[in-house]
file final.txt (compact mmCIF, C-alpha atoms)
# COMPACT_ATOMS: atom_id res chain seq x y z
CA PHE A 918 11.95 -11.99 69.56
CA ARG A 919 10.20 -12.14 66.17
CA TYR A 920 10.29 -15.27 64.09
CA ALA A 921 9.85 -15.55 60.32
CA ALA A 922 6.52 -16.94 59.17
CA THR A 923 5.62 -18.60 55.89
CA ALA A 924 2.07 -18.44 54.62
CA THR A 925 0.70 -21.80 53.63
CA GLY A 926 -2.53 -23.13 52.25
CA SER A 927 -3.92 -23.55 48.78
CA ILE A 928 -5.63 -20.15 48.72
CA VAL A 929 -2.47 -18.26 49.64
CA VAL A 930 -0.31 -20.21 47.20
CA PHE A 931 -2.82 -19.74 44.38
CA ASP A 932 -2.96 -15.99 45.03
CA VAL A 933 0.83 -15.68 44.92
CA ILE A 934 1.09 -17.70 41.73
CA SER A 935 -1.69 -15.69 40.11
CA GLY A 936 0.10 -12.46 40.94
CA ILE A 937 3.33 -13.68 39.38
CA ILE A 938 1.53 -14.85 36.24
CA PHE A 939 -0.32 -11.53 35.99
CA GLU A 940 2.90 -9.52 36.15
CA SER A 941 4.53 -11.70 33.51
CA ALA A 942 1.43 -11.46 31.31
CA VAL A 943 1.46 -7.66 31.43
CA GLN A 944 5.16 -7.65 30.59
CA GLY A 945 4.45 -10.06 27.75
CA LEU A 946 1.78 -7.72 26.39
CA PHE A 947 4.17 -4.79 26.10
CA LEU A 948 6.91 -7.06 24.82
CA SER A 949 4.64 -8.45 22.10
CA LEU A 950 3.72 -4.95 20.96
CA PHE A 951 7.38 -3.90 20.89
CA LEU A 952 8.55 -7.02 19.03
CA THR A 953 5.67 -6.84 16.55
CA GLY A 954 6.36 -3.20 15.74
CA GLY A 955 10.10 -3.79 15.45
CA PHE A 956 9.68 -6.78 13.15
CA LEU A 957 7.25 -4.91 10.89
CA MET A 958 9.56 -1.91 10.69
CA VAL A 959 12.43 -4.13 9.59
CA ALA A 960 10.24 -6.03 7.13
CA TYR A 961 8.78 -2.92 5.48
CA GLY A 962 12.18 -1.24 5.50
CA VAL A 963 13.85 -4.14 3.69
CA LEU A 964 11.03 -5.05 1.30
CA GLU A 965 9.40 -1.70 0.56
CA SER A 966 11.89 0.90 1.91
CA LYS A 967 9.06 2.26 4.09
CA PRO A 968 9.94 1.37 7.71
CA LEU A 969 7.41 3.75 9.29
CA LEU A 970 4.60 1.56 8.01
CA GLY A 971 5.48 -0.86 10.79
CA ILE A 972 4.45 1.72 13.39
CA VAL A 973 1.30 2.48 11.40
CA ASN A 974 0.37 -1.22 11.57
CA VAL A 975 0.65 -1.32 15.37
CA PHE A 976 -1.53 1.76 15.85
CA PRO A 977 -4.92 -0.02 15.35
CA ILE A 978 -3.84 -2.86 17.66
CA LEU A 979 -3.20 -0.42 20.50
CA ILE A 980 -6.72 0.93 20.10
CA SER A 981 -8.24 -2.56 19.97
CA VAL A 982 -6.40 -3.63 23.14
CA ALA A 983 -7.60 -0.51 24.94
CA ALA A 984 -11.17 -1.11 23.72
CA LEU A 985 -11.02 -4.72 24.90
CA VAL A 986 -9.83 -3.71 28.38
CA GLY A 987 -12.65 -1.13 28.57
CA THR A 988 -15.20 -3.76 27.53
CA MET A 989 -13.90 -6.10 30.24
CA ARG A 990 -14.42 -3.33 32.77
CA ALA A 991 -17.94 -2.70 31.50
CA LEU A 992 -18.86 -6.39 31.66
CA GLY A 993 -17.40 -6.81 35.11
CA LEU A 994 -14.60 -9.16 34.04
CA SER A 995 -11.46 -8.87 36.14
CA LEU A 996 -8.01 -8.40 34.65
CA ASN A 997 -6.33 -11.51 35.96
CA ALA A 998 -3.61 -13.86 34.76
CA LEU A 999 -5.85 -15.48 32.12
CA THR A 1000 -7.32 -12.32 30.65
CA ALA A 1001 -3.94 -10.55 30.61
CA THR A 1002 -2.50 -13.47 28.66
CA LEU A 1003 -5.45 -13.20 26.29
CA LEU A 1004 -4.46 -9.64 25.42
CA SER A 1005 -1.09 -10.83 24.10
CA ILE A 1006 -2.84 -13.50 22.03
CA GLY A 1007 -5.20 -10.86 20.67
CA VAL A 1008 -2.24 -8.80 19.48
CA GLY A 1009 -0.96 -11.74 17.44
CA LEU A 1010 -4.39 -12.46 15.95
CA GLY A 1011 -5.40 -8.87 15.30
CA ILE A 1012 -2.21 -7.65 13.67
CA ALA A 1013 -2.98 -9.82 10.64
CA TYR A 1014 -5.84 -7.57 9.50
CA SER A 1015 -3.79 -4.38 9.55
CA VAL A 1016 -0.89 -6.16 7.82
CA HIS A 1017 -3.18 -7.38 5.02
CA ILE A 1018 -4.66 -3.92 4.51
CA THR A 1019 -1.27 -2.20 4.56
CA ALA A 1020 0.29 -4.71 2.16
CA ARG A 1021 -2.52 -4.20 -0.35
CA PHE A 1022 -2.28 -0.43 0.15
CA VAL A 1023 1.43 -0.46 -0.70
CA ASP A 1024 0.72 -2.34 -3.94
CA GLU A 1025 -2.03 0.07 -4.94
CA TYR A 1026 -0.02 3.08 -3.78
CA GLU A 1027 2.61 2.39 -6.44
CA ARG A 1028 -0.04 2.28 -9.17
CA ARG A 1029 -2.38 5.09 -8.16
CA ASP A 1030 -1.93 8.84 -8.19
CA THR A 1031 -3.14 9.60 -4.67
CA ALA A 1032 -3.44 7.81 -1.34
CA LEU A 1033 -7.23 8.19 -1.48
CA ASP A 1034 -7.45 6.18 -4.68
CA ALA A 1035 -5.14 3.53 -3.25
CA LEU A 1036 -7.17 3.22 -0.04
CA THR A 1037 -10.46 3.08 -1.92
CA LYS A 1038 -9.21 0.26 -4.10
CA THR A 1039 -7.70 -1.49 -1.06
CA LEU A 1040 -10.83 -1.45 1.08
CA THR A 1041 -13.16 -2.38 -1.76
CA GLY A 1042 -10.88 -5.16 -2.98
CA THR A 1043 -9.66 -6.90 0.15
CA GLY A 1044 -12.23 -5.70 2.70
CA GLY A 1045 -14.74 -8.42 1.88
CA ALA A 1046 -12.19 -11.20 2.25
CA LEU A 1047 -11.03 -9.84 5.60
CA MET A 1048 -14.61 -9.60 6.82
CA GLY A 1049 -15.18 -13.26 5.96
CA SER A 1050 -12.02 -14.19 7.82
CA MET A 1051 -13.11 -12.13 10.83
CA LEU A 1052 -16.55 -13.74 10.97
CA THR A 1053 -15.22 -17.28 10.81
CA THR A 1054 -12.53 -16.67 13.41
CA SER A 1055 -14.68 -14.72 15.87
CA LEU A 1056 -17.60 -17.13 15.61
CA GLY A 1057 -15.34 -20.15 15.97
CA THR A 1058 -13.58 -18.88 19.07
CA GLY A 1059 -16.69 -17.17 20.41
CA SER A 1060 -18.53 -20.47 20.54
CA LEU A 1061 -16.54 -21.19 23.71
CA ALA A 1062 -18.73 -18.60 25.43
CA LEU A 1063 -21.42 -21.30 25.62
CA ALA A 1064 -19.16 -23.55 27.71
CA ILE A 1065 -20.30 -24.53 31.18
CA THR A 1066 -16.97 -23.54 32.77
CA PRO A 1067 -16.89 -19.77 33.36
CA VAL A 1068 -13.17 -19.62 32.64
CA LEU A 1069 -13.60 -21.11 29.16
CA GLY A 1070 -16.70 -18.98 28.58
CA ASN A 1071 -14.86 -15.75 29.34
CA PHE A 1072 -11.91 -16.89 27.26
CA GLY A 1073 -14.06 -17.56 24.18
CA LEU A 1074 -16.03 -14.35 24.57
CA LEU A 1075 -12.94 -12.19 24.86
CA MET A 1076 -11.23 -13.96 21.97
CA GLY A 1077 -14.18 -13.33 19.65
CA MET A 1078 -14.41 -9.71 20.74
CA SER A 1079 -10.66 -9.25 20.26
CA VAL A 1080 -10.79 -10.47 16.66
CA ALA A 1081 -13.86 -8.36 15.87
CA TYR A 1082 -12.33 -5.24 17.44
CA SER A 1083 -9.11 -5.74 15.48
CA PHE A 1084 -10.98 -5.94 12.17
CA PHE A 1085 -13.30 -2.97 12.66
CA ILE A 1086 -10.62 -0.73 14.12
CA SER A 1087 -8.28 -1.64 11.25
CA ILE A 1088 -10.99 -0.53 8.82
CA LEU A 1089 -11.74 2.69 10.72
CA ALA A 1090 -8.43 3.77 12.26
CA LEU A 1091 -5.86 2.51 9.77
CA PRO A 1092 -6.91 4.70 6.76
CA PRO A 1093 -6.38 7.99 8.68
CA ALA A 1094 -3.02 6.71 9.88
CA LEU A 1095 -2.05 5.89 6.30
CA PHE A 1096 -3.14 9.37 5.20
CA LEU A 1097 -0.87 10.89 7.85
CA TRP A 1098 1.96 8.63 6.72
CA ASP A 1099 1.47 9.74 3.12
CA ARG A 1100 1.54 13.40 4.14
CA TYR A 1101 4.35 13.55 6.69
CA ALA A 1102 6.54 10.45 6.30
CA PRO A 1103 9.87 11.08 4.53
CA GLY A 1104 10.09 9.42 1.15
CA SER A 1105 6.32 9.12 0.63
CA GLY A 1106 4.49 10.59 -2.33
CA SER A 1107 3.50 13.95 -0.82
CA THR A 1108 6.87 14.74 0.73
CA ALA A 1109 8.74 13.60 -2.34
CA SER A 1110 6.68 15.89 -4.56
CA ALA A 1111 7.09 18.77 -2.10
CA ASP A 1112 10.88 18.36 -1.99
CA ALA A 1113 11.21 18.13 -5.76
CA PRO A 1114 12.79 21.18 -7.46
CA ALA A 1115 10.51 23.54 -9.26
CA VAL A 1116 10.33 23.04 -13.01
CA SER A 1117 10.80 26.23 -15.00
CA GLU A 1118 8.98 26.65 -18.24
CA PRO A 1119 11.04 27.52 -21.32
CA SER A 1120 10.92 31.21 -22.14
CA ALA A 1121 11.35 33.16 -25.32
CA GLU A 1122 14.93 34.05 -24.34
CA ASP A 1123 15.95 30.41 -24.59
CA GLY A 1124 15.34 30.44 -28.30
CA ASP A 1125 12.28 28.22 -28.16
CA ALA A 1126 9.69 30.91 -28.68
CA GLY A 1127 6.98 29.78 -30.99
CA ALA A 1128 7.95 26.12 -30.72
CA PRO A 1129 4.95 23.80 -30.20
CA ALA A 1130 4.57 22.10 -26.80
CA PRO A 1131 5.68 18.48 -26.68
CA PRO A 1132 2.83 15.94 -27.01
CA TRP A 1133 3.52 14.46 -23.56
CA ALA A 1134 2.90 17.79 -21.76
CA PRO A 1135 2.16 18.66 -19.05
CA GLY A 1136 4.67 17.41 -16.52
CA LEU A 1137 6.51 14.34 -17.76
CA GLY A 1138 8.15 13.24 -20.93
CA PRO A 1139 7.89 9.86 -22.66
CA ASP A 1140 10.67 8.41 -20.44
CA ASN A 1141 9.12 9.74 -17.18
CA THR A 1142 11.43 12.75 -17.01
CA HIS A 1143 10.45 16.37 -16.69
CA ALA A 1144 9.44 17.96 -19.94
CA SER A 1145 11.68 20.95 -19.25
CA THR A 1146 14.78 18.77 -19.52
CA ILE A 1147 13.80 17.63 -23.01
CA ALA A 1148 14.40 20.13 -25.75
CA PRO A 1149 11.30 20.18 -27.98
CA ARG A 1150 12.06 19.59 -31.61
CA ARG A 1151 11.09 22.18 -34.11
CA PRO A 1152 9.26 20.84 -37.13
CA ARG A 1153 11.41 21.07 -40.20
CA PRO A 1154 9.73 22.62 -43.23
CA LEU A 1155 8.87 20.16 -45.91
CA SER A 1156 10.83 20.94 -49.02
CA PRO A 1157 9.99 19.30 -52.33
CA ARG A 1158 12.58 16.80 -53.40
CA ALA A 1159 14.57 17.46 -56.47
CA ALA A 1160 12.95 15.56 -59.27
CA PRO A 1161 15.39 13.14 -60.89
CA SER A 1162 15.80 13.53 -64.57
CA CYS A 1163 14.71 10.61 -66.66
CA SER A 1164 17.36 9.94 -69.26
CA SER A 1165 14.95 8.01 -71.37
CA GLY A 1166 11.27 7.43 -71.31
CA ARG A 1167 8.60 9.55 -69.67
CA ALA A 1168 7.90 10.65 -66.07
CA LEU A 1169 4.61 9.86 -64.32
CA PRO A 1170 3.46 12.92 -62.29
CA THR A 1171 3.04 12.44 -58.53
CA CYS A 1172 2.47 14.72 -55.53
CA ARG A 1173 4.80 17.67 -55.09
CA HIS A 1174 6.71 16.08 -52.14
CA ALA A 1175 7.43 12.78 -53.87
CA SER A 1176 9.80 11.92 -56.64
CA PRO A 1177 8.34 11.24 -60.08
CA ILE A 1178 8.21 7.71 -61.34
CA CYS A 1179 10.22 7.01 -64.46
CA LEU A 1180 8.64 4.62 -66.95
CA PRO A 1181 10.54 2.77 -69.67
CA PRO A 1182 10.31 4.19 -73.18
CA HIS A 1183 7.34 3.10 -75.24
CA THR A 1184 8.19 0.68 -77.99
CA PRO A 1185 5.64 -0.30 -80.64
CA ARG A 1186 4.66 -3.95 -80.66
CA ARG A 1187 5.54 -5.92 -83.77
CA PRO A 1188 2.76 -7.95 -85.42
CA ARG A 1189 3.19 -11.68 -85.12
CA LEU A 1190 3.20 -13.83 -88.22
CA VAL A 1191 0.72 -16.68 -88.13
call {"tool": "encode", "arguments": {"input": "final.txt", "output": "structure tokens"}}
result
Amino acid sequence: FRYAATATGSIVVFDVISGIIFESAVQGLFLSLFLTGGFLMVAYGVLESKPLLGIVNVFPILISVAALVGTMRALGLSLNALTATLLSIGVGLGIAYSVHITARFVDEYERRDTALDALTKTLTGTGGALMGSMLTTSLGTGSLALAITPVLGNFGLLMGMSVAYSFFISILALPPALFLWDRYAPGSGSTASADAPAVSEPSAEDGDAGAPAPPWAPGLGPDNTHASTIAPRRPRPLSPRAAPSCSSGRALPTCRHASPICLPPHTPRRPRLV
């Protein structure tokens, strides 16, 4: 007969608990990525009517998590319950940089003509502030690498590297993702201009031959509508006004397009008696 056996001892119990925590940490990592992307899609969809920007925000974080796991492998750090939990924390800390860059890009995208101009203004305007935030956060958490306890040392080192990776990858990988969004996303500037109907120029058959082009050409009118939908006004010829007849007095000559000025009749002044 075989009897059931239960493993005991602190080493066995610690190994079982570590395995359970590791599995839950890995599940938490994927759950954090899914919830972060879903929340950003809803937020950008409600506030800016651009839900695909939520997926664009998560793209640099995926690269930073993969780079952090590769660095752990290169440094000989094992992927255990603590380091797997650290990856989920890094997602929450690193997503802030891509959110800041994307939010500034959306503001500049509404004001600029192209996505390149918007990204240039975004990175030159808010890039310095984000770099200062990255340095303070990574140095503050990275100071734990000097701790005597190896667990705290590895925790501080990985935290500082996670923040630094999130910043640099947001600067390097997020602009190409935003370019792709501008080109292929429905409702963005490039697709909206490609789907717009072609504007036909007025021809001589429409009766506007010889009419001068409107001053707001080319493209849009004064109320941001296509110039082809606005009928250009023809200048009316200036005709001299009919000069009013002065019933009494004399007329002062003026230009040929203005009416003459009628003066009162001249009356001789009487001498005063002293």
call {"tool": "residues_around", "arguments": {"input": "final.txt", "residues": "segment 978-991 of chain A", "least_positions_apart": "2", "cutoff": "8 Å", "atoms": "only C-alpha atoms", "output": "list in words"}}
result
Asn974, Val975, Phe976, Gly993, Leu994, Ser995, Leu996, Leu1004, Gly1007, Val1008, Gly1011, Ile1012, Leu1075, Met1078, Ser1079, Tyr1082, Ser1083, Ile1086 and Ser1087 of chain A
call {"tool": "residues_near_point", "arguments": {"input": "final.txt", "point": "(2.9, -3.0, 15.9)", "cutoff": "10 Å", "atoms": "all atoms listed in the file", "output": "JSON list (two decimals) with C-alpha atoms, keeping the file's coordinate frame"}}
result
[["chain", "number", "residue", "atom", "x", "y", "z"],
["A", 949, "SER", "CA", 4.64, -8.45, 22.10],
["A", 950, "LEU", "CA", 3.72, -4.95, 20.96],
["A", 951, "PHE", "CA", 7.38, -3.90, 20.89],
["A", 952, "LEU", "CA", 8.55, -7.02, 19.03],
["A", 953, "THR", "CA", 5.67, -6.84, 16.55],
["A", 954, "GLY", "CA", 6.36, -3.20, 15.74],
["A", 955, "GLY", "CA", 10.10, -3.79, 15.45],
["A", 956, "PHE", "CA", 9.68, -6.78, 13.15],
["A", 957, "LEU", "CA", 7.25, -4.91, 10.89],
["A", 958, "MET", "CA", 9.56, -1.91, 10.69],
["A", 970, "LEU", "CA", 4.60, 1.56, 8.01],
["A", 971, "GLY", "CA", 5.48, -0.86, 10.79],
["A", 972, "ILE", "CA", 4.45, 1.72, 13.39],
["A", 973, "VAL", "CA", 1.30, 2.48, 11.40],
["A", 974, "ASN", "CA", 0.37, -1.22, 11.57],
["A", 975, "VAL", "CA", 0.65, -1.32, 15.37],
["A", 976, "PHE", "CA", -1.53, 1.76, 15.85],
["A", 977, "PRO", "CA", -4.92, -0.02, 15.35],
["A", 978, "ILE", "CA", -3.84, -2.86, 17.66],
["A", 979, "LEU", "CA", -3.20, -0.42, 20.50],
["A", 1008, "VAL", "CA", -2.24, -8.80, 19.48],
["A", 1009, "GLY", "CA", -0.96, -11.74, 17.44],
["A", 1012, "ILE", "CA", -2.21, -7.65, 13.67],
["A", 1015, "SER", "CA", -3.79, -4.38, 9.55],
["A", 1016, "VAL", "CA", -0.89, -6.16, 7.82]]
call {"tool": "atom_distance", "arguments": {"input": "final.txt", "atom1": "atom CA of Pro968 of chain A", "atom2": "atom CA of Ala1094 of chain A"}}
result
14.2 Å
call {"tool": "atom_distance", "arguments": {"input": "final.txt", "atom1": "atom CA of Phe1084 of chain A", "atom2": "atom CA of Ala1013 of chain A"}}
result
9.0 Å
call {"tool": "atom_distance", "arguments": {"input": "final.txt", "atom1": "atom CA of Trp1098 of chain A", "atom2": "atom CA of Leu946 of chain A"}}
result
25.6 Å
call {"tool": "closest_residue", "arguments": {"input": "final.txt", "among": "A:Phe1085, A:Leu1056, A:Ala1102, A:Glu965", "to": "Glu1027 of chain A", "atoms": "only C-alpha atoms"}}
result
A:Glu965
call {"tool": "closest_residue", "arguments": {"input": "final.txt", "among": "A:Ala1001, A:Leu1074, A:Leu1091, A:Leu992", "to": "Thr1039 of chain A", "atoms": "only C-alpha atoms"}}
result
A:Leu1091
call {"tool": "closest_residue", "arguments": {"input": "final.txt", "among": "A:Ala942, A:Asp1024, A:His1017, A:Leu1036", "to": "Phe1096 of chain A", "atoms": "all atoms listed in the file"}}
result
A:Leu1036
call {"tool": "closest_residue", "arguments": {"input": "final.txt", "among": "A:Leu1040, A:Leu1069, A:Met1051, A:Val930", "to": "Leu1003 of chain A", "atoms": "only C-alpha atoms"}}
result
A:Leu1069
call {"tool": "closest_residue", "arguments": {"input": "final.txt", "among": "A:Leu1089, A:Ser1005, A:Val1068, A:Ser1060", "to": "Gly1044 of chain A", "atoms": "only C-alpha atoms"}}
result
A:Leu1089
call {"tool": "closest_residue", "arguments": {"input": "final.txt", "among": "A:Met1048, A:Leu1095, A:Ala1064, A:Ala998", "to": "Thr1031 of chain A", "atoms": "all atoms listed in the file"}}
result
A:Leu1095
